[in-house]
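Student: The structure file work.cif (mmCIF, C-alpha atoms and all ligand atoms) is provided below.
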```cif
data_data
loop_
_atom_site.label_atom_id
_atom_site.label_comp_id
_atom_site.auth_asym_id
_atom_site.auth_seq_id
_atom_site.Cartn_x
_atom_site.Cartn_y
_atom_site.Cartn_z
CA MET A 98 -17.19 7.65 12.15
CA ASN A 99 -15.06 9.51 9.63
CA CYS A 100 -11.55 8.11 9.88
CA ASN A 101 -9.24 10.84 8.79
CA ASN A 102 -5.77 9.60 8.27
CA SER A 103 -4.45 10.48 4.86
CA PRO A 104 -4.77 7.75 2.25
CA LEU A 105 -1.03 7.12 2.40
CA GLN A 106 -1.13 6.80 6.18
CA SER A 107 -4.01 4.36 5.82
CA LEU A 108 -1.92 2.24 3.46
CA ASN A 109 0.92 2.23 5.96
CA SER A 110 -1.29 1.42 8.93
CA GLY A 111 -3.37 -1.27 7.20
CA GLY A 112 -6.63 0.67 7.29
CA TRP A 113 -6.91 1.52 3.59
CA PHE A 114 -10.50 1.38 2.32
CA LYS A 115 -11.23 1.57 -1.38
CA LEU A 116 -14.70 1.78 -2.87
CA ILE A 117 -14.86 0.25 -6.32
CA CYS A 118 -17.63 1.85 -8.31
CA GLY A 119 -16.66 -0.37 -11.25
CA ALA A 120 -14.82 -0.17 -14.55
CA SER A 121 -18.08 -0.79 -16.43
CA PHE A 122 -20.55 0.75 -13.97
CA GLN A 123 -21.29 4.24 -15.27
CA HIS A 124 -24.54 5.23 -13.61
CA VAL A 125 -23.52 8.79 -12.90
CA PRO A 126 -26.14 9.75 -10.26
CA SER A 127 -25.37 6.60 -8.24
CA ILE A 128 -21.65 7.25 -8.43
CA ARG A 129 -22.07 10.76 -7.06
CA SER A 130 -24.15 9.48 -4.13
CA LEU A 131 -21.83 6.53 -3.42
CA VAL A 132 -18.87 8.89 -3.33
CA ILE A 133 -20.64 11.16 -0.84
CA ALA A 134 -21.70 8.41 1.57
CA TYR A 135 -18.40 6.50 1.55
CA GLY A 136 -16.25 9.60 1.13
CA LEU A 137 -17.68 11.28 4.22
CA GLU A 138 -17.15 8.14 6.28
CA GLY A 139 -13.44 7.81 5.62
CA ALA A 140 -12.95 5.97 2.32
CA ASP A 141 -9.35 6.45 1.21
CA CYS A 142 -9.88 5.85 -2.46
CA ILE A 143 -12.75 5.90 -4.94
CA ASP A 144 -12.18 3.71 -7.98
CA VAL A 145 -14.29 4.65 -11.01
CA ALA A 146 -14.45 3.90 -14.72
CA ALA A 147 -11.87 5.76 -16.80
CA GLU A 148 -14.60 7.76 -18.46
CA PRO A 149 -14.50 11.57 -18.28
CA ALA A 150 -18.23 11.87 -17.41
CA VAL A 151 -17.86 9.32 -14.61
CA VAL A 152 -14.72 10.94 -13.26
CA ALA A 153 -16.51 14.29 -13.32
CA ALA A 154 -19.42 12.79 -11.33
CA ALA A 155 -17.02 11.38 -8.75
CA GLN A 156 -15.25 14.75 -8.50
CA GLU A 157 -18.64 16.37 -8.01
CA GLY A 158 -19.35 13.94 -5.17
CA LEU A 159 -16.01 14.74 -3.58
CA GLY A 160 -16.75 18.45 -3.93
CA ALA A 161 -20.07 17.89 -2.12
CA CYS A 162 -18.21 16.06 0.66
CA GLU A 163 -15.89 19.04 1.05
CA ARG A 164 -18.77 21.49 1.24
CA LEU A 165 -20.54 19.36 3.86
CA VAL A 166 -17.38 18.89 5.90
CA HIS A 167 -16.46 22.56 5.82
CA GLY A 168 -19.83 23.34 7.35
CA THR A 169 -18.69 21.45 10.45
CA LYS A 170 -15.40 23.19 11.30
CA PRO A 171 -13.25 22.74 13.27
CA GLN A 172 -13.78 18.95 13.07
CA GLY A 173 -14.05 19.23 9.32
CA ASP A 174 -10.45 20.41 9.11
CA SER A 175 -9.28 16.86 9.71
CA TRP A 176 -11.25 15.31 6.86
CA GLN A 177 -9.03 13.97 4.09
CA ARG A 178 -10.22 13.93 0.53
CA PRO A 179 -10.09 10.36 -0.83
CA TRP A 180 -7.88 9.68 -3.80
CA LEU A 181 -9.62 9.23 -7.11
CA MET A 182 -8.54 6.19 -9.11
CA VAL A 183 -9.32 5.05 -12.65
CA SER A 184 -8.67 1.65 -14.20
CA VAL A 185 -7.29 0.59 -17.56
CA ASN A 186 -6.89 -2.95 -18.91
CA ASP A 187 -4.25 -4.61 -21.03
CA GLY A 188 -6.64 -7.06 -22.70
CA GLU A 189 -9.82 -9.04 -22.16
CA ASP A 190 -11.06 -8.69 -18.60
CA PRO A 191 -14.52 -9.26 -17.05
CA HIS A 192 -14.31 -5.90 -15.30
CA PHE A 193 -14.42 -4.24 -18.70
CA ARG A 194 -17.53 -5.63 -20.32
CA THR A 195 -21.28 -5.15 -20.45
CA ALA A 196 -24.08 -7.59 -21.22
CA ARG A 197 -26.26 -7.19 -24.27
CA PHE A 198 -29.18 -9.02 -25.87
CA ASP A 199 -32.04 -8.41 -28.24
CA PRO A 200 -35.31 -8.69 -26.26
CA SER A 201 -37.34 -9.26 -29.44
CA ARG A 202 -35.84 -12.78 -29.64
CA CYS A 203 -37.02 -13.76 -26.15
CA PRO A 204 -39.95 -16.21 -26.02
CA ALA A 205 -43.06 -14.68 -24.41
CA HIS A 206 -43.25 -17.53 -21.88
CA CYS A 207 -39.64 -17.12 -20.63
CA PRO A 208 -39.69 -16.57 -16.84
CA ARG A 209 -36.79 -14.12 -17.29
CA PRO A 210 -34.21 -15.54 -14.93
CA CYS A 211 -31.82 -12.93 -16.34
CA GLU A 212 -33.90 -10.17 -14.78
CA ARG A 213 -34.02 -11.89 -11.38
CA VAL A 214 -30.32 -12.69 -11.19
CA CYS A 215 -29.01 -9.22 -12.03
CA PRO A 216 -27.75 -7.59 -8.83
CA THR A 217 -28.10 -4.01 -10.07
CA GLY A 218 -31.48 -4.05 -11.80
CA ALA A 219 -29.71 -3.52 -15.13
CA ILE A 220 -32.13 -5.85 -16.93
CA ALA A 221 -35.56 -4.32 -17.05
CA PHE A 222 -37.99 -5.10 -19.82
CA GLU A 223 -40.68 -2.61 -18.98
CA ALA A 224 -38.49 0.16 -17.66
CA ASN A 225 -37.74 3.38 -19.42
CA ILE A 226 -34.66 2.15 -21.17
CA PRO A 227 -32.25 4.93 -22.06
CA ASN A 228 -31.33 5.59 -25.67
CA ASN A 229 -27.94 3.93 -25.35
CA SER A 230 -29.72 0.66 -24.64
CA ALA A 231 -32.24 0.94 -27.47
CA HIS A 232 -31.32 -2.45 -28.93
CA SER A 233 -31.06 -4.29 -25.65
CA SER A 234 -32.93 -4.68 -22.41
CA VAL A 235 -29.71 -4.04 -20.53
CA ILE A 236 -29.47 -0.58 -19.01
CA GLU A 237 -25.81 -0.23 -19.82
CA PRO A 238 -24.77 2.35 -17.20
CA LEU A 239 -26.03 -0.03 -14.49
CA CYS A 240 -24.28 -3.13 -15.85
CA TYR A 241 -20.88 -3.82 -14.31
CA GLY A 242 -20.18 -6.98 -16.25
CA CYS A 243 -20.58 -9.59 -13.51
CA GLY A 244 -21.77 -12.10 -16.11
CA ARG A 245 -24.46 -13.76 -13.99
CA CYS A 246 -27.17 -13.19 -16.58
CA LEU A 247 -25.07 -14.86 -19.27
CA SER A 248 -25.14 -18.27 -17.65
CA VAL A 249 -28.83 -18.30 -16.70
CA CYS A 250 -30.36 -17.62 -20.11
CA PRO A 251 -31.62 -21.02 -21.30
CA HIS A 252 -31.24 -19.92 -24.93
CA GLY A 253 -27.80 -18.34 -24.68
CA TYR A 254 -29.17 -15.06 -26.00
CA ILE A 255 -27.03 -12.80 -23.83
CA ASP A 256 -23.57 -11.79 -24.99
CA ALA A 257 -20.81 -10.00 -23.16
CA VAL A 258 -19.36 -7.05 -25.03
CA THR A 259 -15.80 -6.55 -23.86
CA TYR A 260 -13.73 -3.48 -24.52
CA GLN A 261 -10.33 -2.13 -23.74
CA ARG A 262 -9.89 1.14 -21.95
CA SER A 263 -7.49 2.90 -24.21
CA PRO A 264 -4.66 4.82 -22.58
CA GLN A 265 -5.33 7.64 -25.05
CA ASP A 266 -7.64 9.24 -22.48
CA LEU A 267 -4.93 9.26 -19.83
CA PRO A 268 -3.71 12.82 -20.45
CA ALA A 269 -7.22 14.23 -19.98
CA LEU A 270 -7.98 12.04 -16.97
CA VAL A 271 -4.71 12.49 -15.15
CA LEU A 272 -3.74 16.02 -16.07
CA ASP A 273 -7.07 17.81 -16.62
CA LEU A 274 -9.47 15.92 -14.36
CA GLY A 275 -7.01 15.46 -11.52
CA VAL A 276 -7.06 11.69 -11.09
CA ASP A 277 -4.73 10.66 -8.25
CA ALA A 278 -4.27 6.98 -8.91
CA LEU A 279 -4.27 4.49 -11.75
CA GLU A 280 -5.01 0.78 -11.69
CA ILE A 281 -3.85 -1.57 -14.42
CA HIS A 282 -5.87 -4.77 -14.81
CA THR A 283 -3.81 -7.60 -16.16
CA HIS A 284 -3.92 -11.41 -16.33
CA VAL A 285 -1.30 -14.12 -16.25
CA GLY A 286 -0.06 -14.46 -19.82
CA HIS A 287 -0.57 -10.80 -20.76
CA TYR A 288 3.05 -9.78 -20.24
CA LYS A 289 3.63 -8.33 -23.72
CA LYS A 290 0.32 -6.47 -23.60
CA PHE A 291 1.17 -5.18 -20.15
CA GLN A 292 4.49 -3.87 -21.43
CA THR A 293 2.74 -2.02 -24.26
CA LEU A 294 0.26 -0.46 -21.86
CA TRP A 295 3.01 0.46 -19.40
CA ARG A 296 4.85 2.45 -22.06
CA SER A 297 1.72 4.65 -22.34
CA VAL A 298 1.38 4.98 -18.59
CA ARG A 299 5.03 5.74 -17.85
CA PRO A 300 4.99 9.48 -18.79
CA TYR A 301 2.20 10.14 -16.27
CA LEU A 302 3.81 8.49 -13.25
CA PRO A 303 5.10 11.81 -11.82
CA ASN A 304 1.50 13.08 -11.76
CA LEU A 305 0.15 10.08 -9.87
CA ARG A 306 0.23 9.31 -6.15
CA LEU A 307 -0.41 5.60 -6.57
CA VAL A 308 -0.29 2.94 -9.25
CA ALA A 309 -1.97 -0.40 -8.62
CA VAL A 310 -1.79 -3.65 -10.55
CA SER A 311 -4.81 -5.92 -10.30
CA CYS A 312 -4.48 -9.55 -11.31
CA PRO A 313 -6.95 -12.39 -10.64
CA ARG A 314 -5.79 -15.33 -8.54
CA HIS A 315 -3.98 -17.94 -10.62
CA PRO A 316 -1.44 -20.69 -9.88
CA ASP A 317 1.20 -18.69 -11.81
CA ALA A 318 0.19 -15.25 -10.52
CA ILE A 319 3.20 -14.73 -8.23
CA PRO A 320 5.91 -15.42 -10.85
CA TYR A 321 3.94 -13.24 -13.28
CA LEU A 322 3.78 -10.34 -10.82
CA ARG A 323 7.52 -10.72 -10.17
CA GLU A 324 8.09 -10.40 -13.90
CA ILE A 325 5.97 -7.25 -13.91
CA TRP A 326 7.91 -5.74 -11.02
CA ASP A 327 11.21 -6.45 -12.78
CA TRP A 328 9.85 -4.47 -15.71
CA VAL A 329 8.34 -1.50 -13.84
CA GLY A 330 10.34 -1.31 -10.62
CA SER A 331 12.95 1.23 -11.71
CA ASP A 332 10.27 3.52 -13.24
CA VAL A 333 8.20 3.38 -10.06
CA ARG A 334 11.18 4.11 -7.79
CA ARG A 335 12.21 7.07 -9.95
CA SER A 336 8.71 8.54 -9.96
CA GLY A 337 8.21 8.29 -6.21
CA CYS A 338 4.57 7.20 -6.52
CA ALA A 339 3.28 4.45 -4.24
CA TRP A 340 2.79 0.94 -5.62
CA LEU A 341 0.01 -1.51 -4.77
CA TRP A 342 -0.85 -5.10 -5.69
CA GLN A 343 -4.58 -5.76 -5.81
CA ALA A 344 -5.19 -9.41 -4.89
CA ASP A 345 -8.36 -10.04 -6.88
CA GLY A 346 -9.56 -13.25 -5.22
CA LYS A 347 -12.87 -14.04 -6.86
CA PRO A 348 -13.73 -11.10 -9.12
CA MET A 349 -17.11 -9.41 -8.62
CA SER A 350 -18.48 -11.86 -6.08
CA GLY A 351 -18.65 -9.90 -2.81
CA ASP A 352 -22.44 -10.19 -2.66
CA LEU A 353 -22.38 -14.00 -3.06
CA GLY A 354 -22.02 -14.99 0.58
CA GLN A 355 -19.54 -14.84 3.42
CA LYS A 356 -17.09 -17.38 2.00
CA ALA A 357 -16.61 -15.34 -1.17
CA THR A 358 -13.93 -13.38 0.62
CA ASP A 359 -11.71 -16.40 1.42
CA PRO A 360 -9.93 -16.62 -1.97
CA ALA A 361 -8.91 -12.95 -1.71
CA ILE A 362 -7.46 -13.52 1.77
CA ALA A 363 -5.58 -16.64 0.60
CA TYR A 364 -4.22 -14.69 -2.36
CA GLY A 365 -3.17 -11.85 -0.05
CA GLU A 366 -1.26 -14.37 2.08
CA ASP A 367 0.47 -15.69 -1.07
CA LEU A 368 1.53 -12.15 -1.92
CA LEU A 369 2.82 -11.54 1.60
CA ARG A 370 4.96 -14.68 1.36
CA ALA A 371 6.25 -13.54 -2.05
CA ASN A 372 7.58 -10.37 -0.38
CA LEU A 373 7.14 -8.20 -3.47
CA PRO A 374 7.82 -4.47 -3.00
CA GLY A 375 4.64 -2.41 -2.53
CA PHE A 376 1.37 -2.51 -0.63
CA ILE A 377 -1.08 -5.42 -0.80
CA GLN A 378 -4.81 -4.85 -0.95
CA LEU A 379 -7.62 -7.38 -1.26
CA ALA A 380 -10.51 -7.24 -3.72
CA GLY A 381 -12.92 -9.62 -5.42
CA GLY A 382 -15.35 -11.28 -3.02
CA THR A 383 -14.73 -8.83 -0.21
CA ASN A 384 -17.70 -8.21 2.07
CA GLN A 385 -18.72 -7.48 5.67
CA THR A 386 -16.70 -10.45 6.99
CA THR A 387 -13.38 -9.54 5.37
CA ALA A 388 -11.97 -7.20 8.02
CA ASP A 389 -12.87 -9.57 10.88
CA LYS A 390 -11.31 -12.52 9.08
CA LEU A 391 -8.14 -10.52 8.50
CA ARG A 392 -8.04 -9.58 12.17
CA GLN A 393 -8.56 -13.18 13.31
CA ARG A 394 -5.63 -14.31 11.13
CA GLY A 395 -3.37 -11.49 12.34
CA LEU A 396 -3.22 -9.98 8.86
CA LEU A 397 -4.63 -6.51 9.54
CA GLY A 398 -1.72 -4.14 9.11
CA LYS A 399 0.30 -6.61 7.05
CA ILE A 400 -2.35 -6.41 4.33
CA ALA A 401 -2.58 -2.66 3.62
CA GLY A 402 -6.31 -2.62 3.03
CA VAL A 403 -9.43 -3.84 1.31
CA ALA A 404 -11.40 -2.76 -1.74
CA TYR A 405 -15.16 -3.26 -1.76
CA GLY A 406 -17.09 -3.34 -5.02
CA GLY A 407 -20.43 -5.02 -5.59
CA TYR A 408 -20.97 -5.57 -1.87
CA GLY A 409 -20.37 -1.91 -1.01
CA ARG A 410 -22.64 -0.75 -3.80
CA SER A 411 -25.42 -3.22 -3.01
CA GLN A 412 -25.49 -2.08 0.61
CA LEU A 413 -26.33 1.43 -0.48
CA LYS A 414 -28.80 0.41 -3.19
CA PRO A 415 -31.96 0.78 -1.02
CA VAL A 416 -30.98 4.38 -0.26
CA LEU A 417 -30.24 5.12 -3.91
CA ASP A 418 -33.54 3.53 -4.96
CA GLN A 419 -35.42 5.69 -2.50
CA LEU A 420 -33.69 8.81 -3.75
CA GLU A 421 -34.73 7.87 -7.29
CA GLN A 422 -38.34 7.30 -6.22
CA ARG A 423 -38.46 10.75 -4.65
CA GLU A 424 -37.04 12.24 -7.84
CA GLN A 425 -39.80 10.58 -9.84
CA ARG A 426 -42.45 11.88 -7.44
CA CYS A 427 -41.30 15.49 -7.54
CA ASN A 428 -40.07 15.27 -11.15
CA GLN A 429 -36.73 16.89 -10.48
CA THR A 430 -33.18 15.80 -9.80
CA LEU A 431 -32.37 15.53 -6.12
CA THR A 432 -28.95 15.29 -4.53
CA LEU A 433 -28.29 12.84 -1.73
CA GLU A 434 -27.20 15.67 0.55
CA SER A 435 -30.50 17.47 0.01
CA GLN A 436 -32.32 14.53 1.67
CA ALA A 437 -31.13 14.56 5.27
CA ASP A 438 -32.65 11.20 6.21
CA LEU A 439 -31.20 9.40 3.19
CA LEU A 440 -27.80 10.99 3.68
CA HIS A 441 -27.87 9.87 7.30
CA ARG A 442 -28.83 6.30 6.36
CA GLY A 443 -26.29 6.14 3.57
CA ARG A 444 -23.52 7.31 5.87
CA ALA A 445 -24.50 4.80 8.53
CA ILE A 446 -24.31 1.97 5.96
CA ALA A 447 -20.92 3.18 4.74
CA ARG A 448 -19.66 3.51 8.33
CA ASN A 449 -20.62 -0.09 9.10
CA LEU A 450 -18.43 -1.35 6.30
CA ILE A 451 -15.51 1.01 6.87
CA ALA A 452 -15.26 0.99 10.68
CA PRO A 453 -14.16 -2.67 11.17
CA LEU A 454 -11.25 -2.09 8.81
CA LYS A 455 -10.26 1.14 10.52
CA GLY A 456 -10.69 -0.27 14.02
CA SER A 457 -7.19 0.60 15.10
CA VAL A 458 -7.06 3.97 13.38
CA PRO A 459 -7.91 7.10 15.42
CA VAL A 460 -11.38 8.31 14.60
CA ASN A 461 -12.17 11.97 14.29
CA SER A 462 -15.28 12.82 12.42
CA PRO A 463 -17.34 15.80 11.45
CA THR A 464 -20.69 15.86 13.19
CA ASN A 465 -23.88 17.89 12.79
CA LEU A 466 -23.65 17.91 9.04
CA THR A 467 -26.11 20.43 7.72
CA PRO A 468 -27.89 19.23 4.60
CA ALA A 469 -27.52 21.58 1.67
CA PRO A 470 -30.71 23.21 0.40
CA LEU A 471 -32.67 21.38 -2.24
CA LYS A 472 -31.15 22.14 -5.60
CA GLN A 473 -31.31 21.00 -9.14
CA ARG A 474 -28.25 19.49 -10.68
CA PRO A 475 -27.38 20.77 -14.13
S1 LIG A 501 -26.28 -9.70 -14.36
FE1 LIG A 501 -24.29 -8.65 -14.34
S2 LIG A 501 -23.61 -8.73 -16.50
FE2 LIG A 501 -25.82 -9.20 -16.49
S3 LIG A 501 -26.80 -7.20 -16.82
FE3 LIG A 501 -26.69 -7.50 -14.61
S4 LIG A 501 -24.77 -6.48 -14.01
FE4 LIG A 501 -24.68 -6.78 -16.22
S1 LIG A 502 -33.39 -15.49 -19.92
FE1 LIG A 502 -32.79 -15.27 -22.04
S2 LIG A 502 -34.64 -15.68 -23.24
FE2 LIG A 502 -35.28 -15.34 -21.11
S3 LIG A 502 -35.82 -13.16 -21.06
FE3 LIG A 502 -33.66 -13.35 -20.42
S4 LIG A 502 -32.48 -13.07 -22.30
FE4 LIG A 502 -34.61 -13.51 -22.92
#
```
Represent the supplied structure as C-alpha cells.

Tutor:
Amino acid sequence: MNCNNSPLQSLNSGGWFKLICGASFQHVPSIRSLVIAYGLEGADCIDVAAEPAVVAAAQEGLGACERLVHGTKPQGDSWQRPWLMVSVNDGEDPHFRTARFDPSRCPAHCPRPCERVCPTGAIAFEANIPNNSAHSSVIEPLCYGCGRCLSVCPHGYIDAVTYQRSPQDLPALVLDLGVDALEIHTHVGHYKKFQTLWRSVRPYLPNLRLVAVSCPRHPDAIPYLREIWDWVGSDVRRSGCAWLWQADGKPMSGDLGQKATDPAIAYGEDLLRANLPGFIQLAGGTNQTTADKLRQRGLLGKIAGVAYGGYGRSQLKPVLDQLEQREQRCNQTLTLESQADLLHRGRAIARNLIAPLKGSVPVNSPTNLTPAPLKQRP
C-alpha cells in the first residue's frame, strides 16, 4: 500500500503522485484529513493554497502521518514524508477564484441548479454559513473555483471573484512554514507578468526542492514554455532544485467522466516531443483511468507522474462527510485518525488511486496502524 520511494525517486521512476487540494479550496479540516489518507498511502506531494492557515493544516496532517507511521516501526522507517507545495499565479487564472452571489436576489421558485451542480457542497442555502460567507450562499472555504455554478444560473447572478496570490507571503511560507515546492500558474501571453513574478521567486530557489510551472493546454503553449525556460533555466540550474512542467489538460474536470483525462495525456505527449528540460506531470481532468491509459500508451516512466485534484478529493468526500456527521453528533472536533473505520476507508480509497500509478515501484508499507486516542483539536 504505502509506496515509499522518495519524491525525487518517484519523479525519476515515473511514479510521482501529487494530490491537489486546490489553490482556492481552504476547508482546513478536510485538508488535514486528505493529507493523512493520501500521505499515508504514498503521495509524493501535497499541493495546497498558499495561505498560512492552510499550509499549517497540511503540516498538521503530515505530522499526524508521522506519528501513525512511527507507531509501526520498523516498517514505518521507510515511509517518506510527501513534499508540501504551494501555488502562486501571475495573473487571472480559474484556479484562483471563488464564486459569489447574493441569495436575496434569487427568485423563490428557482429550482437552484447552482446547488445541485456544485461538486463540493459549497452552495448551501439552509446550511450554517460561516461568517466569511455572510453576503453569499457560497461557503468560500469549500469553493475551489470550478465555475460550474456560474453557467447554470438562469439569471447570471453568480460572479467569480478572482485574486492573485501575492509573492509577498513567500518568505513566511517557504522559510518559516517549511514549504518544499512552489508551483507557478501561468497562461500563454503572460510572459511579462511571469517575469515579474519570477523575480520575486528567484531568491527562494535555494530553499526549494522543486519548482513547477503549470500552464493550460493551448496551441501556442510549447513555444511559450520554451520562452519561459530560456528566462529561468540558468537560475534553476544554479539553484539545483528540480523543475517540473504541469500539463494542465482540462483544468478542474477530473470528476467529469473518463474522457476528461485525454487532453492532459495529449498535452503530456506534446511536451515529451518538445524535449524541454525537466519533469513532465499531468493534471486537469486526471482520474481513475489516467494511469492505465498512460500504461497502455507506453508513457508511464516517460511522464514523471500525475496530479489528482477534484477527482481525488471527491473520492474521499463520503468519508469526510461521515466524519463531520459524527462531529455534529458528539459536538466536538474529531480527527480522522481517531476514527479507525474512517481512517481505514479513507486509506483504501487513496490506495486505489495511487497504486495503479506506482505499479512498478516497490511497495513497502506500514501495517497495523494504531488509531490515536480521541482528542480535541485546538
Ligand atoms: S460550483 Fe464550483 S465555483 Fe461554484 S461554488 Fe461550487 S466549487 Fe465554487
Ligand atoms: S441558480 Fe441563480 S437564481 Fe437560482 S438559486 Fe442559484 S444563484 Fe439563485

Student: Which residues are close to Asp190 in chain A, i.e. within 10 Å by all atoms listed in the file, leaving aside same-chain residues fewer than 5 positions away? Reply as a list in words.

Tutor: Gly242, Thr259, Tyr260, Gln261, His282, Thr283, His284, Cys312 and Pro313 of chain A

Student: Around ligand LIG 502 (chain A), out to 12 Å and counting all atoms listed in the file, which residues are there? I want them as number ranges by chain.

Tutor: A: 196-215, 219-223, 233-235, 245-256

Student: Quick one: what's the axis-aligned box for range 291-294 of chain A, all listed atoms, 5 Å on every side, centre and edges in Å to one decimal, as lines of an AutoDock Vina configuration file?

Tutor:
```
center_x = 2.4
center_y = -2.8
center_z = -22.2
size_x = 14.2
size_y = 14.7
size_z = 14.1
```

Student: Would you mind telling me which residue in A:Ser175, A:Ser411, A:Ser184, A:Gln385 lies nearest to ligand LIG 501 (chain A) when using all atoms listed in the file?

Tutor: A:Ser411

Student: Given the choices A:Gly275, A:Gly407, A:Gly330, A:Pro360, which gets closest to ligand LIG 501 (chain A) if the distance is worked out from only C-alpha atoms and all ligand atoms?

Tutor: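 Ranked by minimum distance to ligand LIG 501 (chain A), first place goes to A:Gly407.
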
Student: Kindly complete range 124-131 of chain A to all heavy atoms; the output should be written as a PDB file, in the frame of the given file.

Tutor:
```pdb
ATOM      1  N   HIS A 124     -23.303   4.542 -13.968  1.00  0.00           N
ATOM      2  CA  HIS A 124     -24.540   5.230 -13.610  1.00  0.00           C
ATOM      3  C   HIS A 124     -24.178   6.464 -12.782  1.00  0.00           C
ATOM      4  O   HIS A 124     -23.963   6.396 -11.572  1.00  0.00           O
ATOM      5  CB  HIS A 124     -25.457   4.286 -12.827  1.00  0.00           C
ATOM      6  CG  HIS A 124     -26.847   4.808 -12.690  1.00  0.00           C
ATOM      7  ND1 HIS A 124     -27.394   5.133 -11.471  1.00  0.00           N
ATOM      8  CD2 HIS A 124     -27.789   5.086 -13.621  1.00  0.00           C
ATOM      9  CE1 HIS A 124     -28.626   5.572 -11.654  1.00  0.00           C
ATOM     10  NE2 HIS A 124     -28.891   5.548 -12.939  1.00  0.00           N
ATOM     11  N   VAL A 125     -24.096   7.577 -13.480  1.00  0.00           N
ATOM     12  CA  VAL A 125     -23.520   8.790 -12.900  1.00  0.00           C
ATOM     13  C   VAL A 125     -24.190   9.257 -11.607  1.00  0.00           C
ATOM     14  O   VAL A 125     -23.501   9.555 -10.626  1.00  0.00           O
ATOM     15  CB  VAL A 125     -23.500   9.901 -13.997  1.00  0.00           C
ATOM     16  CG1 VAL A 125     -23.261  11.262 -13.409  1.00  0.00           C
ATOM     17  CG2 VAL A 125     -22.416   9.568 -15.027  1.00  0.00           C
ATOM     18  N   PRO A 126     -25.540   9.288 -11.530  1.00  0.00           N
ATOM     19  CA  PRO A 126     -26.140   9.750 -10.260  1.00  0.00           C
ATOM     20  C   PRO A 126     -25.785   8.843  -9.090  1.00  0.00           C
ATOM     21  O   PRO A 126     -25.532   9.320  -7.982  1.00  0.00           O
ATOM     22  CB  PRO A 126     -27.652   9.700 -10.549  1.00  0.00           C
ATOM     23  CG  PRO A 126     -27.777   9.694 -12.027  1.00  0.00           C
ATOM     24  CD  PRO A 126     -26.567   9.022 -12.558  1.00  0.00           C
ATOM     25  N   SER A 127     -25.725   7.520  -9.327  1.00  0.00           N
ATOM     26  CA  SER A 127     -25.370   6.600  -8.240  1.00  0.00           C
ATOM     27  C   SER A 127     -23.939   6.836  -7.801  1.00  0.00           C
ATOM     28  O   SER A 127     -23.631   6.792  -6.606  1.00  0.00           O
ATOM     29  CB  SER A 127     -25.501   5.148  -8.687  1.00  0.00           C
ATOM     30  OG  SER A 127     -26.819   4.873  -9.039  1.00  0.00           O
ATOM     31  N   ILE A 128     -23.068   7.061  -8.762  1.00  0.00           N
ATOM     32  CA  ILE A 128     -21.650   7.250  -8.430  1.00  0.00           C
ATOM     33  C   ILE A 128     -21.490   8.470  -7.528  1.00  0.00           C
ATOM     34  O   ILE A 128     -20.792   8.442  -6.523  1.00  0.00           O
ATOM     35  CB  ILE A 128     -20.809   7.358  -9.716  1.00  0.00           C
ATOM     36  CG1 ILE A 128     -20.727   5.965 -10.352  1.00  0.00           C
ATOM     37  CG2 ILE A 128     -19.412   7.910  -9.430  1.00  0.00           C
ATOM     38  CD1 ILE A 128     -20.237   5.937 -11.756  1.00  0.00           C
ATOM     39  N   ARG A 129     -22.157   9.552  -7.882  1.00  0.00           N
ATOM     40  CA  ARG A 129     -22.070  10.760  -7.060  1.00  0.00           C
ATOM     41  C   ARG A 129     -22.502  10.475  -5.621  1.00  0.00           C
ATOM     42  O   ARG A 129     -21.846  10.866  -4.663  1.00  0.00           O
ATOM     43  CB  ARG A 129     -22.954  11.856  -7.680  1.00  0.00           C
ATOM     44  CG  ARG A 129     -22.820  13.204  -6.999  1.00  0.00           C
ATOM     45  CD  ARG A 129     -23.804  14.205  -7.592  1.00  0.00           C
ATOM     46  NE  ARG A 129     -23.586  15.541  -7.043  1.00  0.00           N
ATOM     47  CZ  ARG A 129     -24.021  15.936  -5.862  1.00  0.00           C
ATOM     48  NH1 ARG A 129     -24.699  15.103  -5.087  1.00  0.00           N
ATOM     49  NH2 ARG A 129     -23.785  17.158  -5.429  1.00  0.00           N
ATOM     50  N   SER A 130     -23.635   9.760  -5.469  1.00  0.00           N
ATOM     51  CA  SER A 130     -24.150   9.480  -4.130  1.00  0.00           C
ATOM     52  C   SER A 130     -23.246   8.504  -3.371  1.00  0.00           C
ATOM     53  O   SER A 130     -23.014   8.669  -2.161  1.00  0.00           O
ATOM     54  CB  SER A 130     -25.573   8.901  -4.219  1.00  0.00           C
ATOM     55  OG  SER A 130     -26.442   9.824  -4.826  1.00  0.00           O
ATOM     56  N   LEU A 131     -22.742   7.485  -4.070  1.00  0.00           N
ATOM     57  CA  LEU A 131     -21.830   6.530  -3.420  1.00  0.00           C
ATOM     58  C   LEU A 131     -20.594   7.252  -2.895  1.00  0.00           C
ATOM     59  O   LEU A 131     -20.121   6.995  -1.779  1.00  0.00           O
ATOM     60  CB  LEU A 131     -21.411   5.443  -4.422  1.00  0.00           C
ATOM     61  CG  LEU A 131     -22.448   4.371  -4.740  1.00  0.00           C
ATOM     62  CD1 LEU A 131     -22.108   3.664  -6.054  1.00  0.00           C
ATOM     63  CD2 LEU A 131     -22.521   3.342  -3.615  1.00  0.00           C
TER      64      LEU A 131
END
```
